[in-house]
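K.L.:
File name run.pdb; file contents PDB, C-alpha atoms; full text below.
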MODEL        1
ATOM      1  CA  MET F 146     -27.369 -48.956  54.737
ATOM      2  CA  SER F 147     -28.795 -45.748  53.270
ATOM      3  CA  MET F 148     -25.912 -43.841  54.806
ATOM      4  CA  ARG F 149     -23.426 -45.985  52.970
ATOM      5  CA  VAL F 150     -25.246 -45.490  49.646
ATOM      6  CA  GLY F 151     -25.298 -41.740  50.231
ATOM      7  CA  ASP F 152     -21.593 -41.662  51.039
ATOM      8  CA  ASN F 153     -20.808 -43.660  47.931
ATOM      9  CA  PHE F 154     -22.856 -41.269  45.767
ATOM     10  CA  THR F 155     -21.097 -38.291  47.307
ATOM     11  CA  TYR F 156     -17.753 -39.933  46.650
ATOM     12  CA  GLN F 157     -18.659 -40.421  42.981
ATOM     13  CA  VAL F 158     -19.752 -36.787  42.707
ATOM     14  CA  TYR F 159     -16.405 -35.591  44.054
ATOM     15  CA  GLU F 160     -14.564 -38.048  41.783
ATOM     16  CA  THR F 161     -16.346 -36.574  38.756
ATOM     17  CA  GLN F 162     -15.607 -33.071  40.007
ATOM     18  CA  LEU F 163     -11.940 -33.951  40.407
ATOM     19  CA  SER F 164     -11.801 -35.361  36.893
ATOM     20  CA  ASN F 165     -13.409 -32.216  35.449
ATOM     21  CA  LEU F 166     -11.096 -29.946  37.426
ATOM     22  CA  GLN F 167      -8.072 -31.936  36.304
ATOM     23  CA  ALA F 168      -9.149 -31.668  32.646
ATOM     24  CA  GLN F 169      -9.646 -27.915  33.001
ATOM     25  CA  MET F 170      -6.249 -27.576  34.668
ATOM     26  CA  GLU F 171      -4.559 -29.506  31.856
ATOM     27  CA  GLN F 172      -6.249 -27.353  29.221
ATOM     28  CA  THR F 173      -5.340 -24.139  31.044
ATOM     29  CA  SER F 174      -1.772 -25.336  31.544
ATOM     30  CA  GLU F 175      -1.493 -26.064  27.830
ATOM     31  CA  GLU F 176      -2.858 -22.603  27.015
ATOM     32  CA  VAL F 177      -0.290 -20.989  29.309
ATOM     33  CA  ALA F 178       2.520 -23.022  27.747
ATOM     34  CA  SER F 179       1.485 -22.322  24.139
ATOM     35  CA  GLY F 180       0.057 -18.849  24.605
ATOM     36  CA  LYS F 181      -2.917 -19.964  22.491
ATOM     37  CA  LYS F 182      -6.505 -20.597  23.487
ATOM     38  CA  VAL F 183      -7.411 -21.822  19.990
ATOM     39  CA  GLN F 184      -4.976 -24.168  18.225
ATOM     40  CA  VAL F 185      -7.247 -26.557  16.356
ATOM     41  CA  PRO F 186     -10.766 -26.085  14.920
ATOM     42  CA  SER F 187     -12.371 -28.096  17.713
ATOM     43  CA  ASP F 188     -11.143 -25.574  20.308
ATOM     44  CA  ASN F 189     -13.478 -22.923  18.864
ATOM     45  CA  PRO F 190     -14.643 -23.459  15.263
ATOM     46  CA  SER F 191     -15.857 -19.877  14.778
ATOM     47  CA  SER F 192     -12.700 -18.195  16.141
ATOM     48  CA  TYR F 193     -10.488 -20.644  14.244
ATOM     49  CA  ALA F 194     -12.238 -19.835  10.934
ATOM     50  CA  GLN F 195     -12.161 -16.075  11.570
ATOM     51  CA  ASN F 196      -8.465 -16.241  12.386
ATOM     52  CA  LEU F 197      -7.734 -18.005   9.114
ATOM     53  CA  GLU F 198      -9.276 -15.047   7.302
ATOM     54  CA  VAL F 199      -7.241 -12.593   9.369
ATOM     55  CA  LEU F 200      -4.039 -14.546   8.697
ATOM     56  CA  ALA F 201      -4.767 -14.455   4.962
ATOM     57  CA  GLN F 202      -5.185 -10.679   5.156
ATOM     58  CA  GLN F 203      -1.944 -10.431   7.130
ATOM     59  CA  SER F 204      -0.084 -12.391   4.481
ATOM     60  CA  GLN F 205      -1.455 -10.182   1.718
ATOM     61  CA  ASN F 206      -0.702  -7.020   3.681
ATOM     62  CA  THR F 207       2.847  -8.218   4.305
ATOM     63  CA  GLN F 208       3.341  -8.522   0.547
ATOM     64  CA  TYR F 209       1.970  -5.014   0.061
ATOM     65  CA  GLY F 210       4.528  -3.859   2.622
ATOM     66  CA  LYS F 211       7.338  -5.536   0.704
ATOM     67  CA  ASN F 212       6.158  -3.835  -2.491
ATOM     68  CA  LEU F 213       6.221  -0.476  -0.726
ATOM     69  CA  ASP F 214       9.643  -1.129   0.806
ATOM     70  CA  SER F 215      11.002  -1.794  -2.665
ATOM     71  CA  LEU F 216       9.388   1.384  -4.033
ATOM     72  CA  GLN F 217      10.747   3.396  -1.115
ATOM     73  CA  ALA F 218      14.285   2.134  -1.730
ATOM     74  CA  THR F 219      14.065   2.977  -5.439
ATOM     75  CA  GLY F 220      12.480   6.339  -4.627
ATOM     76  CA  SER F 221      15.644   7.467  -2.874
ATOM     77  CA  TYR F 222      17.591   6.755  -6.077
ATOM     78  CA  TYR F 223      15.116   8.831  -8.088
ATOM     79  CA  GLU F 224      15.609  11.750  -5.713
ATOM     80  CA  THR F 225      19.401  11.452  -5.930
ATOM     81  CA  SER F 226      19.325  11.113  -9.707
ATOM     82  CA  VAL F 227      17.034  14.071 -10.356
ATOM     83  CA  ASN F 228      19.112  16.193  -7.982
ATOM     84  CA  SER F 229      22.184  15.205 -10.003
ATOM     85  CA  ILE F 230      20.420  16.202 -13.220
ATOM     86  CA  GLY F 231      19.585  19.555 -11.659
ATOM     87  CA  ASN F 232      23.191  20.118 -10.585
ATOM     88  CA  ILE F 233      24.529  19.278 -14.047
ATOM     89  CA  LEU F 234      21.999  21.562 -15.705
ATOM     90  CA  SER F 235      22.901  24.377 -13.327
ATOM     91  CA  SER F 236      26.525  24.054 -14.424
ATOM     92  CA  ILE F 237      25.476  24.093 -18.075
ATOM     93  CA  GLN F 238      23.197  27.078 -17.475
ATOM     94  CA  GLN F 239      26.083  29.013 -15.916
ATOM     95  CA  LEU F 240      28.235  28.063 -18.881
ATOM     96  CA  ALA F 241      25.523  29.295 -21.255
ATOM     97  CA  VAL F 242      25.357  32.639 -19.452
ATOM     98  CA  GLU F 243      29.109  33.057 -19.817
ATOM     99  CA  GLN F 244      29.301  31.927 -23.454
ATOM    100  CA  SER F 245      26.343  33.990 -24.699
ATOM    101  CA  SER F 246      28.327  37.179 -24.137
ATOM    102  CA  SER F 247      29.533  38.860 -27.326
ATOM    103  CA  THR F 248      32.977  39.340 -25.759
ATOM    104  CA  VAL F 249      33.751  35.587 -25.633
ATOM    105  CA  ASP F 250      36.230  34.416 -28.262
ATOM    106  CA  ALA F 251      36.123  31.329 -30.482
ATOM    107  CA  ASP F 252      38.703  29.361 -28.475
ATOM    108  CA  SER F 253      36.671  29.773 -25.286
ATOM    109  CA  ARG F 254      33.515  28.554 -27.008
ATOM    110  CA  THR F 255      35.286  25.557 -28.502
ATOM    111  CA  ALA F 256      36.541  24.585 -25.049
ATOM    112  CA  ALA F 257      33.050  25.127 -23.640
ATOM    113  CA  ALA F 258      31.625  22.835 -26.334
ATOM    114  CA  ASP F 259      33.930  20.050 -25.142
ATOM    115  CA  GLU F 260      32.767  20.639 -21.559
ATOM    116  CA  VAL F 261      29.125  20.492 -22.602
ATOM    117  CA  ASN F 262      29.746  17.232 -24.444
ATOM    118  CA  ASP F 263      31.225  15.749 -21.270
ATOM    119  CA  LEU F 264      28.246  16.940 -19.223
ATOM    120  CA  ILE F 265      25.813  15.432 -21.743
ATOM    121  CA  GLN F 266      27.473  12.059 -21.248
ATOM    122  CA  GLN F 267      27.245  12.512 -17.494
ATOM    123  CA  LEU F 268      23.515  13.097 -17.856
ATOM    124  CA  ALA F 269      23.206   9.941 -19.955
ATOM    125  CA  THR F 270      25.003   8.026 -17.196
ATOM    126  CA  VAL F 271      22.448   9.328 -14.696
ATOM    127  CA  GLY F 272      19.703   8.254 -17.089
ATOM    128  CA  ASN F 273      21.192   4.752 -17.041
ATOM    129  CA  THR F 274      21.158   4.508 -13.229
ATOM    130  CA  LYS F 275      20.863   0.853 -12.265
ATOM    131  CA  VAL F 276      19.649  -0.555  -8.947
ATOM    132  CA  GLY F 277      20.254  -4.268  -8.723
ATOM    133  CA  ASP F 278      19.154  -5.635 -12.071
ATOM    134  CA  THR F 279      16.807  -2.725 -12.811
ATOM    135  CA  TYR F 280      17.470   0.403 -14.844
ATOM    136  CA  ILE F 281      15.215   2.743 -12.905
ATOM    137  CA  PHE F 282      14.512   5.097 -15.827
ATOM    138  CA  GLY F 283      13.771   2.325 -18.337
ATOM    139  CA  GLY F 284      10.033   2.146 -17.721
ATOM    140  CA  THR F 285       8.648  -1.289 -18.536
ATOM    141  CA  GLN F 286      11.885  -2.075 -20.423
ATOM    142  CA  SER F 287      14.051  -1.940 -17.336
ATOM    143  CA  ASN F 288      16.399  -4.811 -18.155
ATOM    144  CA  ASN F 289      18.521  -2.807 -20.598
ATOM    145  CA  PRO F 290      20.135   0.660 -20.477
ATOM    146  CA  PRO F 291      17.461   3.138 -21.596
ATOM    147  CA  TYR F 292      19.981   5.592 -23.066
ATOM    148  CA  THR F 293      22.602   5.033 -25.722
ATOM    149  CA  VAL F 294      25.328   7.546 -26.559
ATOM    150  CA  ASP F 295      26.747   7.735 -30.087
ATOM    151  CA  THR F 296      30.007   9.704 -30.333
ATOM    152  CA  SER F 297      30.929   8.605 -33.854
ATOM    153  CA  SER F 298      30.494  12.170 -35.154
ATOM    154  CA  GLY F 299      32.477  13.656 -32.284
ATOM    155  CA  ALA F 300      29.661  15.249 -30.302
ATOM    156  CA  PRO F 301      27.508  12.825 -28.294
ATOM    157  CA  VAL F 302      24.056  11.978 -29.610
ATOM    158  CA  VAL F 303      21.821  10.497 -26.894
ATOM    159  CA  THR F 304      18.884   8.266 -27.802
ATOM    160  CA  PHE F 305      16.172   6.958 -25.488
ATOM    161  CA  GLN F 306      15.502   3.246 -25.976
ATOM    162  CA  GLY F 307      13.465   2.599 -22.877
ATOM    163  CA  SER F 308       9.703   2.700 -22.475
ATOM    164  CA  ALA F 309       7.585   5.723 -21.650
ATOM    165  CA  LYS F 310       5.229   3.344 -19.844
ATOM    166  CA  VAL F 311       5.873   2.189 -16.295
ATOM    167  CA  GLY F 312       4.541  -0.862 -14.521
ATOM    168  CA  GLN F 313       1.917  -0.806 -11.784
ATOM    169  CA  VAL F 314       2.236  -2.398  -8.351
ATOM    170  CA  ALA F 315      -0.446  -3.136  -5.767
ATOM    171  CA  VAL F 316       0.019  -1.326  -2.458
ATOM    172  CA  ASN F 317      -3.263  -2.352  -0.825
ATOM    173  CA  SER F 318      -6.367  -4.299  -1.788
ATOM    174  CA  SER F 319      -7.822  -1.410  -3.790
ATOM    175  CA  THR F 320      -4.848   0.668  -4.937
ATOM    176  CA  THR F 321      -2.057   0.351  -7.479
ATOM    177  CA  ILE F 322       0.581   3.001  -8.141
ATOM    178  CA  ASP F 323       3.391   3.549 -10.636
ATOM    179  CA  ALA F 324       6.246   1.142 -10.018
ATOM    180  CA  GLY F 325       8.763   3.739 -11.177
ATOM    181  CA  ILE F 326       9.434   6.808 -13.309
ATOM    182  CA  SER F 327      10.386   6.640 -16.972
ATOM    183  CA  GLY F 328      13.308   8.669 -18.249
ATOM    184  CA  GLN F 329      10.959   9.897 -20.941
ATOM    185  CA  SER F 330       9.124  11.964 -18.324
ATOM    186  CA  ILE F 331      12.355  13.128 -16.669
ATOM    187  CA  PHE F 332      14.301  14.320 -19.720
ATOM    188  CA  THR F 333      11.345  15.524 -21.794
ATOM    189  CA  GLY F 334       8.187  17.402 -20.902
ATOM    190  CA  THR F 335       6.317  20.693 -21.119
ATOM    191  CA  VAL F 336       7.122  23.927 -19.306
ATOM    192  CA  ASN F 337       4.831  26.937 -19.677
ATOM    193  CA  GLY F 338       3.338  25.413 -22.813
ATOM    194  CA  GLN F 339       6.764  24.822 -24.366
ATOM    195  CA  SER F 340       7.970  21.332 -25.239
ATOM    196  CA  VAL F 341      11.313  20.585 -23.622
ATOM    197  CA  ASP F 342      13.831  17.908 -24.571
ATOM    198  CA  ILE F 343      16.887  18.142 -22.344
ATOM    199  CA  PHE F 344      19.273  16.072 -24.436
ATOM    200  CA  GLN F 345      18.187  17.705 -27.696
ATOM    201  CA  THR F 346      18.574  21.169 -26.157
ATOM    202  CA  LEU F 347      22.065  20.423 -24.877
ATOM    203  CA  GLN F 348      23.168  18.787 -28.109
ATOM    204  CA  THR F 349      22.072  21.938 -29.967
ATOM    205  CA  PHE F 350      23.884  24.105 -27.420
ATOM    206  CA  GLY F 351      27.094  22.102 -27.849
ATOM    207  CA  ALA F 352      26.831  22.308 -31.626
ATOM    208  CA  ASP F 353      26.260  26.087 -31.519
ATOM    209  CA  LEU F 354      29.310  26.511 -29.291
ATOM    210  CA  ALA F 355      31.453  24.476 -31.669
ATOM    211  CA  ASN F 356      30.141  26.155 -34.831
ATOM    212  CA  THR F 357      32.591  29.047 -34.763
ATOM    213  CA  ALA F 358      33.720  28.550 -38.356
ATOM    214  CA  ASN F 359      30.310  28.844 -40.024
ATOM    215  CA  LEU F 360      28.719  31.629 -37.974
ATOM    216  CA  SER F 361      29.713  35.203 -37.388
ATOM    217  CA  THR F 362      30.216  36.272 -33.785
ATOM    218  CA  THR F 363      26.868  38.074 -33.867
ATOM    219  CA  GLN F 364      25.041  35.050 -35.285
ATOM    220  CA  GLN F 365      26.677  32.708 -32.829
ATOM    221  CA  THR F 366      25.861  34.965 -29.890
ATOM    222  CA  ALA F 367      22.213  35.127 -30.972
ATOM    223  CA  ALA F 368      22.051  31.336 -31.238
ATOM    224  CA  LEU F 369      23.593  30.951 -27.779
ATOM    225  CA  GLU F 370      21.112  33.409 -26.287
ATOM    226  CA  THR F 371      18.323  31.229 -27.655
ATOM    227  CA  ASP F 372      20.063  28.185 -26.205
ATOM    228  CA  LEU F 373      20.246  29.898 -22.817
ATOM    229  CA  GLY F 374      16.484  30.385 -22.804
ATOM    230  CA  ASN F 375      15.943  26.742 -23.739
ATOM    231  CA  ILE F 376      18.384  25.567 -21.061
ATOM    232  CA  SER F 377      16.485  27.645 -18.484
ATOM    233  CA  SER F 378      13.370  25.701 -19.492
ATOM    234  CA  CYS F 379      15.306  22.469 -18.927
ATOM    235  CA  VAL F 380      16.196  23.678 -15.427
ATOM    236  CA  ASP F 381      12.528  24.506 -14.771
ATOM    237  CA  LEU F 382      11.461  21.073 -16.022
ATOM    238  CA  THR F 383      13.900  19.413 -13.661
ATOM    239  CA  ALA F 384      12.629  21.520 -10.748
ATOM    240  CA  ASN F 385       9.116  20.300 -11.568
ATOM    241  CA  ASN F 386      10.379  16.727 -11.768
ATOM    242  CA  LEU F 387      12.092  17.038  -8.410
ATOM    243  CA  ALA F 388       8.804  18.211  -6.889
ATOM    244  CA  TYR F 389       7.040  15.246  -8.510
ATOM    245  CA  VAL F 390       9.591  12.779  -7.164
ATOM    246  CA  GLY F 391       9.182  14.320  -3.712
ATOM    247  CA  THR F 392       5.413  13.843  -3.903
ATOM    248  CA  TYR F 393       5.872  10.299  -5.220
ATOM    249  CA  THR F 394       8.173   9.269  -2.363
ATOM    250  CA  LYS F 395       6.024  11.038   0.248
ATOM    251  CA  ASN F 396       3.000   9.093  -0.978
ATOM    252  CA  ILE F 397       4.958   5.848  -0.609
ATOM    253  CA  ASN F 398       5.977   6.791   2.944
ATOM    254  CA  ASN F 399       2.356   7.557   3.819
ATOM    255  CA  LEU F 400       1.253   4.224   2.372
ATOM    256  CA  LEU F 401       3.937   2.462   4.418
ATOM    257  CA  THR F 402       2.557   4.070   7.565
ATOM    258  CA  THR F 403      -0.962   2.962   6.643
ATOM    259  CA  ASN F 404       0.326  -0.531   5.912
ATOM    260  CA  ALA F 405       2.091  -0.742   9.278
ATOM    261  CA  ASN F 406      -1.057   0.407  11.073
ATOM    262  CA  ALA F 407      -3.094  -2.211   9.213
ATOM    263  CA  ASN F 408      -0.594  -4.886  10.233
ATOM    264  CA  THR F 409      -0.907  -3.835  13.864
ATOM    265  CA  THR F 410      -4.711  -3.986  13.697
ATOM    266  CA  LEU F 411      -4.664  -7.398  12.036
ATOM    267  CA  ALA F 412      -2.221  -8.732  14.630
ATOM    268  CA  GLN F 413      -4.517  -7.479  17.394
ATOM    269  CA  ASP F 414      -7.536  -9.074  15.695
ATOM    270  CA  SER F 415      -5.722 -12.401  15.438
ATOM    271  CA  SER F 416      -4.560 -12.198  19.024
ATOM    272  CA  SER F 417      -8.078 -11.522  20.316
ATOM    273  CA  LEU F 418      -9.322 -14.588  18.447
ATOM    274  CA  VAL F 419      -6.701 -17.196  19.367
ATOM    275  CA  ASP F 420      -4.240 -15.863  21.932
ATOM    276  CA  VAL F 421      -4.745 -16.543  25.597
ATOM    277  CA  ASP F 422      -4.999 -13.767  28.181
ATOM    278  CA  MET F 423      -1.916 -14.876  30.073
ATOM    279  CA  ALA F 424      -2.687 -13.090  33.337
ATOM    280  CA  LYS F 425      -6.244 -14.472  33.358
ATOM    281  CA  ALA F 426      -5.067 -17.966  32.402
ATOM    282  CA  VAL F 427      -2.509 -18.062  35.226
ATOM    283  CA  SER F 428      -5.138 -16.791  37.658
ATOM    284  CA  ASP F 429      -7.631 -19.390  36.403
ATOM    285  CA  TYR F 430      -5.052 -22.137  36.808
ATOM    286  CA  THR F 431      -4.379 -21.070  40.395
ATOM    287  CA  THR F 432      -8.121 -21.030  41.135
ATOM    288  CA  LEU F 433      -8.587 -24.447  39.547
ATOM    289  CA  SER F 434      -5.614 -25.858  41.429
ATOM    290  CA  THR F 435      -7.009 -24.578  44.725
ATOM    291  CA  ALA F 436     -10.428 -26.017  43.907
ATOM    292  CA  TYR F 437      -8.815 -29.311  42.919
ATOM    293  CA  GLN F 438      -6.888 -29.535  46.188
ATOM    294  CA  ALA F 439     -10.040 -28.702  48.169
ATOM    295  CA  ALA F 440     -12.079 -31.333  46.304
ATOM    296  CA  LEU F 441      -9.302 -33.867  46.790
ATOM    297  CA  TYR F 442      -9.253 -33.173  50.536
ATOM    298  CA  THR F 443     -13.043 -33.397  50.812
ATOM    299  CA  MET F 444     -13.038 -36.615  48.813
ATOM    300  CA  SER F 445     -10.463 -38.140  51.147
ATOM    301  CA  LYS F 446     -12.700 -37.269  54.119
ATOM    302  CA  VAL F 447     -15.710 -38.865  52.450
ATOM    303  CA  GLU F 448     -13.629 -41.950  51.683
ATOM    304  CA  SER F 449     -12.508 -42.155  55.336
ATOM    305  CA  MET F 450     -16.082 -41.868  56.557
ATOM    306  CA  ASN F 451     -17.159 -44.536  54.102
ATOM    307  CA  ILE F 452     -14.527 -46.945  55.505
ATOM    308  CA  LEU F 453     -15.680 -46.235  59.075
ATOM    309  CA  ASN F 454     -19.218 -47.148  58.112
ATOM    310  CA  TYR F 455     -18.004 -50.669  57.324
ATOM    311  CA  MET F 456     -16.164 -51.109  60.622
ATOM    312  CA  PRO F 457     -18.010 -53.009  63.393
ATOM    313  CA  ALA F 458     -19.263 -50.955  66.323
TER     314      ALA F 458
ENDMDL
END
Transcribe the structure of this file into structure tokens.
P.N.:
Amino acid sequence: MSMRVGDNFTYQVYETQLSNLQAQMEQTSEEVASGKKVQVPSDNPSSYAQNLEVLAQQSQNTQYGKNLDSLQATGSYYETSVNSIGNILSSIQQLAVEQSSSTVDADSRTAAADEVNDLIQQLATVGNTKVGDTYIFGGTQSNNPPYTVDTSSGAPVVTFQGSAKVGQVAVNSSTTIDAGISGQSIFTGTVNGQSVDIFQTLQTFGADLANTANLSTTQQTAALETDLGNISSCVDLTANNLAYVGTYTKNINNLLTTNANANTTLAQDSSSLVDVDMAKAVSDYTTLSTAYQAALYTMSKVESMNILNYMPA
């Protein structure tokens, strides 16, 4: 009789073992199918809570990345625009060199004045560069053209109606940078201690070229020589601005790299908390399956022996 009780106990032990192995196999199979070892808080409360924090950081970092992508896209327009300003000013500078000669006649200077007026309007068009719904040189008032051109008196008079201030945008949890560049800082500034206003300088240059009736050739030449010096300062200002834009865009590119690296680290942190080690999980499942089959076989043997114990001799 004691033998039969022992066999029955052994059978129950193997039955419990089979049930546990089957539960572990089902859990491992689900992990393999989902790729996750933690899907609900009860799987691992600590890892689940930590992953929520990581996911929140990922979401925030993704938004920082979008901010930087937008700044990078606009930055390319700043580079193109300031290069265009430099090219236009180079043309005007060459014109100033030619027209400041005392051998140039009145007709040539009148024609040059018309050319300068056209180039001033081209500069204003650059100043009103629009990307999507944003005038990139408008500062915080980016919904409207920052520059107006009044040609009622013949020569163009350009007026800045944007904002010298620019907005700020967050690029990580502790850093904000300028969201753009105001036209005020592109078309006006200081070079070697001298205040420079590009549009004002060019408007004066155009007026001096056209003022052949009221000035002697000597007076006009002297005025144009002064204009040439001022235009050279405008060229220098634009060179400085181009360097600034280059630094601005390089900083954005560096921040994008940092942002991408942070995203990679956060993804790895999340994965270590909730993702299953697929190779290990598959290996564990195979081990569990083998153990399950072995326990099932042993249990069948115990069951057979138990039946024999009830058979008459």
K.L.:
Would you mind reading off the distance between CA of Ala309 in chain F and CA of Gln329 in chain F, one decimal, in Å?
P.N.:
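Distance reported for this atom pair: 5.4 Å.
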K.L.:
Neighbouring residues of Gly231 in chain F were defined as those with any atom within 7 Å, considering only C-alpha atoms; residues of the same chain fewer than 4 positions away were excluded. Please report them as a list in words.
P.N.:
Val227, Ser235, Val380 and Thr383 of chain F
K.L.:
Contacts of Gln365 in chain F at 9 Å or less, counting only C-alpha atoms, minus same-chain residues fewer than 5 places along, as a PyMOL selection string?
P.N.:
chain F and resi 245+247+353-354+356-357+359-360+370
K.L.:
For Ser246 in chain F, work out the shell of residues within 9 Å, counting all atoms listed in the file and skipping chain neighbours fewer than 5 positions away, then give it as a ChimeraX atom specification.
P.N.:
/F:241,366,369-370
K.L.:
Which one of F:Ala407, F:Val336, F:Ala251, F:Leu268 sits closest to Ile237 in chain F if you count only C-alpha atoms?
P.N.:
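Closest to Ile237 in chain F of all the choices is F:Leu268.
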